[in-house]
Every structure is written in C-alpha cells, then in structure tokens.
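Visitor: Here you go, this is query-v4.pdb (PDB, C-alpha atoms).
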```pdb
ATOM      1  CA  MET A   1      33.718  45.791  18.537
ATOM      2  CA  ILE A   2      32.694  42.962  20.856
ATOM      3  CA  ILE A   3      29.631  40.784  21.374
ATOM      4  CA  LEU A   4      28.689  40.952  25.049
ATOM      5  CA  HIS A   5      26.452  38.183  26.305
ATOM      6  CA  THR A   6      24.243  39.969  28.814
ATOM      7  CA  CYS A   7      22.557  38.071  31.602
ATOM      8  CA  CYS A   8      20.804  41.098  33.103
ATOM      9  CA  ALA A   9      21.054  44.884  33.301
ATOM     10  CA  PRO A  10      22.536  45.047  36.820
ATOM     11  CA  CYS A  11      25.442  42.751  35.905
ATOM     12  CA  SER A  12      25.950  44.310  32.466
ATOM     13  CA  ALA A  13      25.586  48.049  33.069
ATOM     14  CA  ALA A  14      29.060  48.832  34.436
ATOM     15  CA  ILE A  15      30.678  46.516  31.890
ATOM     16  CA  ILE A  16      28.928  48.249  29.000
ATOM     17  CA  GLU A  17      29.936  51.650  30.368
ATOM     18  CA  TRP A  18      33.553  50.452  30.790
ATOM     19  CA  LEU A  19      33.666  49.075  27.237
ATOM     20  CA  LEU A  20      32.292  52.304  25.770
ATOM     21  CA  SER A  21      34.784  54.415  27.748
ATOM     22  CA  ALA A  22      37.586  52.203  26.368
ATOM     23  CA  GLY A  23      36.379  52.886  22.812
ATOM     24  CA  ILE A  24      34.932  49.389  22.380
ATOM     25  CA  ARG A  25      31.425  49.317  20.928
ATOM     26  CA  PRO A  26      29.513  46.335  22.341
ATOM     27  CA  ILE A  27      26.657  44.506  20.706
ATOM     28  CA  LEU A  28      24.464  43.243  23.535
ATOM     29  CA  PHE A  29      23.282  39.677  23.126
ATOM     30  CA  PHE A  30      20.517  38.549  25.462
ATOM     31  CA  TYR A  31      20.446  34.772  25.383
ATOM     32  CA  ASN A  32      19.224  33.320  28.656
ATOM     33  CA  PRO A  33      16.767  30.456  28.168
ATOM     34  CA  ASN A  34      17.562  29.339  31.725
ATOM     35  CA  ILE A  35      15.530  32.154  33.276
ATOM     36  CA  TYR A  36      12.307  30.967  34.839
ATOM     37  CA  PRO A  37       9.421  31.804  35.003
ATOM     38  CA  ALA A  38       8.579  33.613  31.767
ATOM     39  CA  SER A  39       7.583  36.784  33.634
ATOM     40  CA  GLU A  40      11.076  36.925  35.183
ATOM     41  CA  TYR A  41      12.681  36.337  31.782
ATOM     42  CA  HIS A  42      10.739  39.188  30.155
ATOM     43  CA  ARG A  43      11.376  41.541  33.055
ATOM     44  CA  ARG A  44      15.141  41.012  32.865
ATOM     45  CA  LYS A  45      15.190  41.279  29.077
ATOM     46  CA  GLY A  46      13.174  44.489  29.254
ATOM     47  CA  GLU A  47      15.727  46.081  31.566
ATOM     48  CA  VAL A  48      18.587  45.249  29.184
ATOM     49  CA  ILE A  49      16.595  46.658  26.259
ATOM     50  CA  ARG A  50      15.899  49.840  28.246
ATOM     51  CA  TYR A  51      19.590  50.327  29.079
ATOM     52  CA  ALA A  52      20.716  49.570  25.518
ATOM     53  CA  ALA A  53      18.269  52.178  24.210
ATOM     54  CA  ALA A  54      19.482  54.754  26.752
ATOM     55  CA  LEU A  55      23.069  54.286  25.559
ATOM     56  CA  GLY A  56      22.287  53.819  21.876
ATOM     57  CA  VAL A  57      23.856  50.368  21.892
ATOM     58  CA  GLU A  58      22.676  47.549  19.623
ATOM     59  CA  PHE A  59      20.580  44.842  21.296
ATOM     60  CA  VAL A  60      20.236  41.365  19.805
ATOM     61  CA  ASP A  61      17.540  39.087  21.147
ATOM     62  CA  GLY A  62      18.686  35.476  21.213
ATOM     63  CA  ASP A  63      15.244  34.425  22.328
ATOM     64  CA  CYS A  64      15.043  30.723  22.949
ATOM     65  CA  GLY A  65      12.526  28.641  24.817
ATOM     66  CA  TYR A  66      12.919  27.339  28.318
ATOM     67  CA  ASP A  67      12.188  23.767  27.174
ATOM     68  CA  PHE A  68      15.297  23.899  24.960
ATOM     69  CA  TRP A  69      17.378  24.774  28.029
ATOM     70  CA  LEU A  70      15.772  21.980  30.052
ATOM     71  CA  GLU A  71      16.846  19.472  27.397
ATOM     72  CA  HIS A  72      20.453  20.672  27.689
ATOM     73  CA  VAL A  73      20.610  20.354  31.474
ATOM     74  CA  SER A  74      18.550  17.183  31.753
ATOM     75  CA  GLY A  75      19.957  14.926  34.454
ATOM     76  CA  LEU A  76      21.637  17.849  36.222
ATOM     77  CA  GLU A  77      18.577  19.144  38.053
ATOM     78  CA  ASN A  78      19.944  18.401  41.517
ATOM     79  CA  GLU A  79      23.349  19.962  40.941
ATOM     80  CA  PRO A  80      24.222  22.818  43.306
ATOM     81  CA  GLU A  81      25.080  26.367  42.290
ATOM     82  CA  ARG A  82      28.532  26.237  40.611
ATOM     83  CA  GLY A  83      27.981  22.567  39.813
ATOM     84  CA  ALA A  84      27.787  20.705  36.514
ATOM     85  CA  ARG A  85      24.433  22.288  35.583
ATOM     86  CA  CYS A  86      26.007  25.764  35.665
ATOM     87  CA  LEU A  87      28.899  24.701  33.450
ATOM     88  CA  GLN A  88      26.497  23.135  30.938
ATOM     89  CA  CYS A  89      24.322  26.260  31.000
ATOM     90  CA  PHE A  90      27.337  28.537  30.442
ATOM     91  CA  LYS A  91      28.538  26.392  27.555
ATOM     92  CA  MET A  92      25.124  26.524  25.898
ATOM     93  CA  ARG A  93      24.810  30.287  26.240
ATOM     94  CA  LEU A  94      28.384  31.117  25.276
ATOM     95  CA  LEU A  95      28.263  28.790  22.274
ATOM     96  CA  ALA A  96      25.343  30.839  20.975
ATOM     97  CA  THR A  97      27.337  34.017  21.664
ATOM     98  CA  ALA A  98      30.392  32.691  19.800
ATOM     99  CA  ARG A  99      28.117  31.733  16.891
ATOM    100  CA  LEU A 100      26.713  35.260  16.740
ATOM    101  CA  ALA A 101      30.236  36.735  16.846
ATOM    102  CA  HIS A 102      31.291  34.425  14.018
ATOM    103  CA  ASP A 103      28.208  35.149  11.925
ATOM    104  CA  ARG A 104      28.638  38.903  12.391
ATOM    105  CA  GLY A 105      32.391  38.843  11.767
ATOM    106  CA  VAL A 106      33.100  40.202  15.249
ATOM    107  CA  PRO A 107      36.375  38.768  16.536
ATOM    108  CA  LEU A 108      35.696  39.053  20.296
ATOM    109  CA  PHE A 109      32.975  37.994  22.675
ATOM    110  CA  ALA A 110      32.590  38.193  26.445
ATOM    111  CA  THR A 111      29.912  37.695  29.071
ATOM    112  CA  SER A 112      28.495  39.651  31.974
ATOM    113  CA  LEU A 113      28.154  36.369  33.874
ATOM    114  CA  ALA A 114      31.662  37.067  35.205
ATOM    115  CA  ALA A 115      30.312  40.068  37.123
ATOM    116  CA  SER A 116      28.344  37.931  39.575
ATOM    117  CA  ARG A 117      30.061  36.838  42.764
ATOM    118  CA  HIS A 118      27.749  33.819  42.752
ATOM    119  CA  LYS A 119      29.254  32.397  39.568
ATOM    120  CA  SER A 120      32.479  30.456  39.130
ATOM    121  CA  LEU A 121      34.955  32.447  37.056
ATOM    122  CA  GLU A 122      36.755  29.188  36.235
ATOM    123  CA  GLN A 123      33.567  27.654  34.817
ATOM    124  CA  ILE A 124      32.794  30.794  32.818
ATOM    125  CA  ALA A 125      36.316  30.902  31.377
ATOM    126  CA  ARG A 126      36.226  27.205  30.569
ATOM    127  CA  ALA A 127      32.880  27.532  28.790
ATOM    128  CA  GLY A 128      33.904  30.693  26.927
ATOM    129  CA  HIS A 129      37.208  29.324  25.671
ATOM    130  CA  TRP A 130      35.513  26.071  24.654
ATOM    131  CA  ALA A 131      32.847  28.008  22.729
ATOM    132  CA  ALA A 132      35.525  30.020  20.925
ATOM    133  CA  THR A 133      37.146  26.806  19.646
ATOM    134  CA  GLN A 134      33.927  25.905  17.858
ATOM    135  CA  PHE A 135      34.220  28.777  15.349
ATOM    136  CA  ASP A 136      37.107  30.179  13.336
ATOM    137  CA  GLY A 137      37.951  33.813  13.854
ATOM    138  CA  VAL A 138      36.470  34.390  17.296
ATOM    139  CA  GLU A 139      38.107  34.727  20.671
ATOM    140  CA  PHE A 140      36.666  34.753  24.172
ATOM    141  CA  ARG A 141      37.681  37.747  26.253
ATOM    142  CA  GLU A 142      38.113  36.399  29.756
ATOM    143  CA  LYS A 143      37.802  39.153  32.351
ATOM    144  CA  ASN A 144      36.906  39.344  36.004
ATOM    145  CA  TRP A 145      34.333  42.128  35.820
ATOM    146  CA  ARG A 146      34.128  42.261  39.646
ATOM    147  CA  LYS A 147      37.366  44.229  39.981
ATOM    148  CA  GLY A 148      38.655  47.672  39.096
ATOM    149  CA  GLY A 149      35.750  49.516  40.689
ATOM    150  CA  LEU A 150      33.196  47.855  38.412
ATOM    151  CA  ASN A 151      31.259  46.268  41.272
ATOM    152  CA  GLU A 152      30.942  49.636  42.994
ATOM    153  CA  ARG A 153      29.916  51.272  39.712
ATOM    154  CA  ARG A 154      27.389  48.500  39.200
ATOM    155  CA  ILE A 155      25.708  49.430  42.488
ATOM    156  CA  GLU A 156      25.607  53.108  41.469
ATOM    157  CA  LEU A 157      24.090  52.326  38.059
ATOM    158  CA  VAL A 158      21.439  50.042  39.568
ATOM    159  CA  LYS A 159      20.337  52.986  41.727
ATOM    160  CA  GLN A 160      20.674  55.582  38.968
ATOM    161  CA  TYR A 161      18.587  53.621  36.445
ATOM    162  CA  GLU A 162      16.371  52.006  39.085
ATOM    163  CA  PHE A 163      17.048  48.606  37.576
ATOM    164  CA  TYR A 164      15.092  45.616  38.707
ATOM    165  CA  ASN A 165      17.715  43.631  40.628
ATOM    166  CA  GLN A 166      16.826  39.948  40.761
ATOM    167  CA  LYS A 167      17.677  37.691  43.706
ATOM    168  CA  TYR A 168      18.625  34.510  41.807
ATOM    169  CA  CYS A 169      20.397  33.465  38.603
ATOM    170  CA  GLY A 170      17.314  32.257  36.813
ATOM    171  CA  CYS A 171      17.077  28.521  37.272
ATOM    172  CA  GLY A 172      17.513  28.361  41.044
ATOM    173  CA  VAL A 173      13.877  29.003  41.872
ATOM    174  CA  HIS A 174      12.736  26.591  39.175
ATOM    175  CA  PHE A 175      14.714  23.722  40.587
ATOM    176  CA  LYS A 176      13.815  24.579  44.163
ATOM    177  CA  LEU A 177      10.140  24.558  43.214
ATOM    178  CA  SER A 178      10.480  21.381  41.158
ATOM    179  CA  ARG A 179      12.051  19.553  44.088
ATOM    180  CA  MET A 180       9.210  20.737  46.322
ATOM    181  CA  LEU A 181       6.752  19.344  43.773
ATOM    182  CA  GLY A 182       8.447  15.949  43.708
ATOM    183  CA  GLY A 183      10.923  16.529  40.888
ATOM    184  CA  ASP A 184       8.528  17.677  38.172
ATOM    185  CA  THR A 185      10.636  19.944  35.927
ATOM    186  CA  ARG A 186       7.667  21.225  33.891
ATOM    187  CA  ILE A 187       6.149  23.623  36.417
TER     188      ILE A 187
END
```
Rewrite the structure of this file - the entire thing - as structure tokens.
Guide:
Amino acid sequence: MIILHTCCAPCSAAIIEWLLSAGIRPILFFYNPNIYPASEYHRRKGEVIRYAAALGVEFVDGDCGYDFWLEHVSGLENEPERGARCLQCFKMRLLATARLAHDRGVPLFATSLAASRHKSLEQIARAGHWAATQFDGVEFREKNWRKGGLNERRIELVKQYEFYNQKYCGCGVHFKLSRMLGGDTRI
C-alpha cells in the first residue's frame, strides 16, 4: 500500500494504473491548496474523484484553504517556476502526505508532481525526503514518473477518460494576475 499525493487526474492516471498493475494499492490524497481560483481547484479535484471511483481506489480529500497556502509562501510571490515558492509548496503538500501515511500506518508515500515536465524532480525529491524525516515509519518513494512509457500512457488515458487537462500548475495564474493588479495577493 502507498499514499499517492495526487495533483490532478492527468498527472496521476498512468501512475495509479502502474501501481495497480504492480500489485500496489494506492490511497489517493488530494491536497493542493495552491490551486487558484476555487473553480479550478474543484474541477481538478472532481476529475481525480471520478478516476478513483472508476478504478475503485480510495480517495482522501485533504481539503485546505487557499489562504493557508498563501501564508506558507508569503514573500515568495515573485519567484519563478522551479524557484523557492515551488520548493516551499512541495514541502507543505508532501508534509501533509507524510502525516497521512503516518496516521494510517502506511509505510510509503509518493507524489504525482514528479510526472510533470514543468516541475523540478530535485525539488520534489528534496521536499519528499524532508517530509519523511518528520514522521517515524514512513518513507518517500522517489520516482521519475515521466519515464518507462508512463508519459505516453498518460496521454492515452487523458483521451480515454476525457480528462480536463489544465494549462498551469495552480498558482501561476494567481501570481500573474496579482502582479497585473499591483501585487495584491487576495484576488
């Protein structure tokens, strides 16, 4: 068994399928308070719920407010993609995943964030291993989910399930809009 932090259905689908084919039953944990606006957040969460239901896989909602995320990345608003804001965001999300793994007695956790070519694998690994050190009995499974045909399978599953396929990580639009509005982070 493994707790899989899921950022979205397109990034998670091939990973979930791969885990199941390897005899590993994932528990999907949707914890993404960085996603903005709320309509985008609910749309992405809905797609993960739909896929989990189709496969009969457990879904855990780590619902958390956007304001909580803003507090954790305060001062990093102008950081670029793959900058310090991303590392802080990964640490926050993977800490919650490690906590869930610990609380459930599940020894492994991983994240679908490592499926995106837009994310730094080094930052994800750093955040995941750090999160694992915060709890006894849990380990972060570091894996490049872009390889081994998983990216190609991802594309097939997006088409097969007609997943909504977003064009940004979640916070990018927020910060772009906030800069256009003179730095106001409470759009």
Visitor: Under the rule that all atoms listed in the file are counted, which of A:Leu113, A:Ile35, A:Cys89, A:Leu94 is the nearest residue to Pro10 of chain A?
Guide: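 Comparing A:Leu113, A:Ile35, A:Cys89, A:Leu94 against Pro10 of chain A, the winner is A:Leu113.
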Visitor: Which residue out of A:Ala114, A:Met1, A:Cys7, A:Val73 has the minimum interatomic distance to Leu19 of chain A when all atoms listed in the file are used?
Guide: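 Closest to Leu19 of chain A, using all atoms listed in the file: A:Met1.
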Visitor: Identify, on the basis of only C-alpha atoms, every residue whose closest approach to segment 125-129 of chain A does not exceed 8 Å; exclude the query and any residue fewer than 3 positions from it along the same chain; express the result as a list in words.
Guide: Leu87, Phe90, Lys91, Leu94, Leu95, Ala110, Leu121, Glu122, Ala132, Thr133, Glu139, Phe140 and Glu142 of chain A
Visitor: Have a look at A:Gly83, A:Gly46, A:Pro37, A:Gly137 and name the one nearest to Phe163 of chain A; count all atoms listed in the file.
Guide: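 Among A:Gly83, A:Gly46, A:Pro37, A:Gly137, it is A:Gly46 that comes nearest to Phe163 of chain A.
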Visitor: Of the residues A:Glu162, A:Glu47, A:Glu79, A:Asp103, which is the one nearest to Phe59 of chain A, using all atoms listed in the file?
Guide: A:Glu47
Visitor: Atom CA of Ala131 of chain A and atom CA of Asn151 of chain A are how many Å apart?
Guide: 26.1 Å
Visitor: Given the choices A:Ser116, A:Thr97, A:Asn32, A:Gln123, which gets closest to Ser12 of chain A if the distance is worked out from only C-alpha atoms?
Guide: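 The answer is A:Ser116, which sits nearest to Ser12 of chain A.
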Visitor: Fewer than 5 positions away in the same chain doesn't count, so skip those; otherwise give me all residues within 8 Å of Ala101 of chain A, counting only C-alpha atoms, as a PyMOL selection string.
Guide: chain A and resi 2-3+106-109+138
Visitor: Which residue out of A:Gly105, A:Tyr66, A:Arg153, A:Glu71 has the minimum interatomic distance to Glu40 of chain A when all atoms listed in the file are used?
Guide: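 Among A:Gly105, A:Tyr66, A:Arg153, A:Glu71, it is A:Tyr66 that comes nearest to Glu40 of chain A.
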Visitor: Could you name the residues that touch Tyr51 of chain A at 9 Å or less, counting only C-alpha atoms, but leaving out those on the same chain fewer than 4 positions away, as a PyMOL selection string?
Guide: chain A and resi 9+13+46-47+55-57+161
Visitor: Export, as a PDB file, in the frame of the given file, the selected residues with C-alpha atoms.
Guide:
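Result file follows (part16.pdb):
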```pdb
ATOM      1  CA  ALA A   9      21.054  44.884  33.301  1.00  0.00           C
ATOM      2  CA  ALA A  13      25.586  48.049  33.069  1.00  0.00           C
ATOM      3  CA  GLY A  46      13.174  44.489  29.254  1.00  0.00           C
ATOM      4  CA  GLU A  47      15.727  46.081  31.566  1.00  0.00           C
ATOM      5  CA  LEU A  55      23.069  54.286  25.559  1.00  0.00           C
ATOM      6  CA  GLY A  56      22.287  53.819  21.876  1.00  0.00           C
ATOM      7  CA  VAL A  57      23.856  50.368  21.892  1.00  0.00           C
ATOM      8  CA  TYR A 161      18.587  53.621  36.445  1.00  0.00           C
TER       9      TYR A 161
END
```
Visitor: Just give me the gap between atom CA of Gln88 of chain A and atom CA of Trp18 of chain A in Å, one decimal is fine.
Guide: 28.2 Å
Visitor: What does the distance from atom CA of Val48 of chain A to atom CA of Arg82 of chain A come to in Å, to one decimal?
Guide: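 Computed distance, atom CA of Val48 of chain A to atom CA of Arg82 of chain A, equals 24.3 Å.
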Visitor: Padding of 5 Å on every side, edges along x, y and z, all listed atoms of segment 92-111 of chain A included: what centre and edge lengths in Å, to one decimal, does that box have, as AutoDock Vina command-line options?
Guide:
```
--center_x 30.6 --center_y 33.4 --center_z 20.4 --size_x 21.6 --size_y 23.7 --size_z 27.3
```
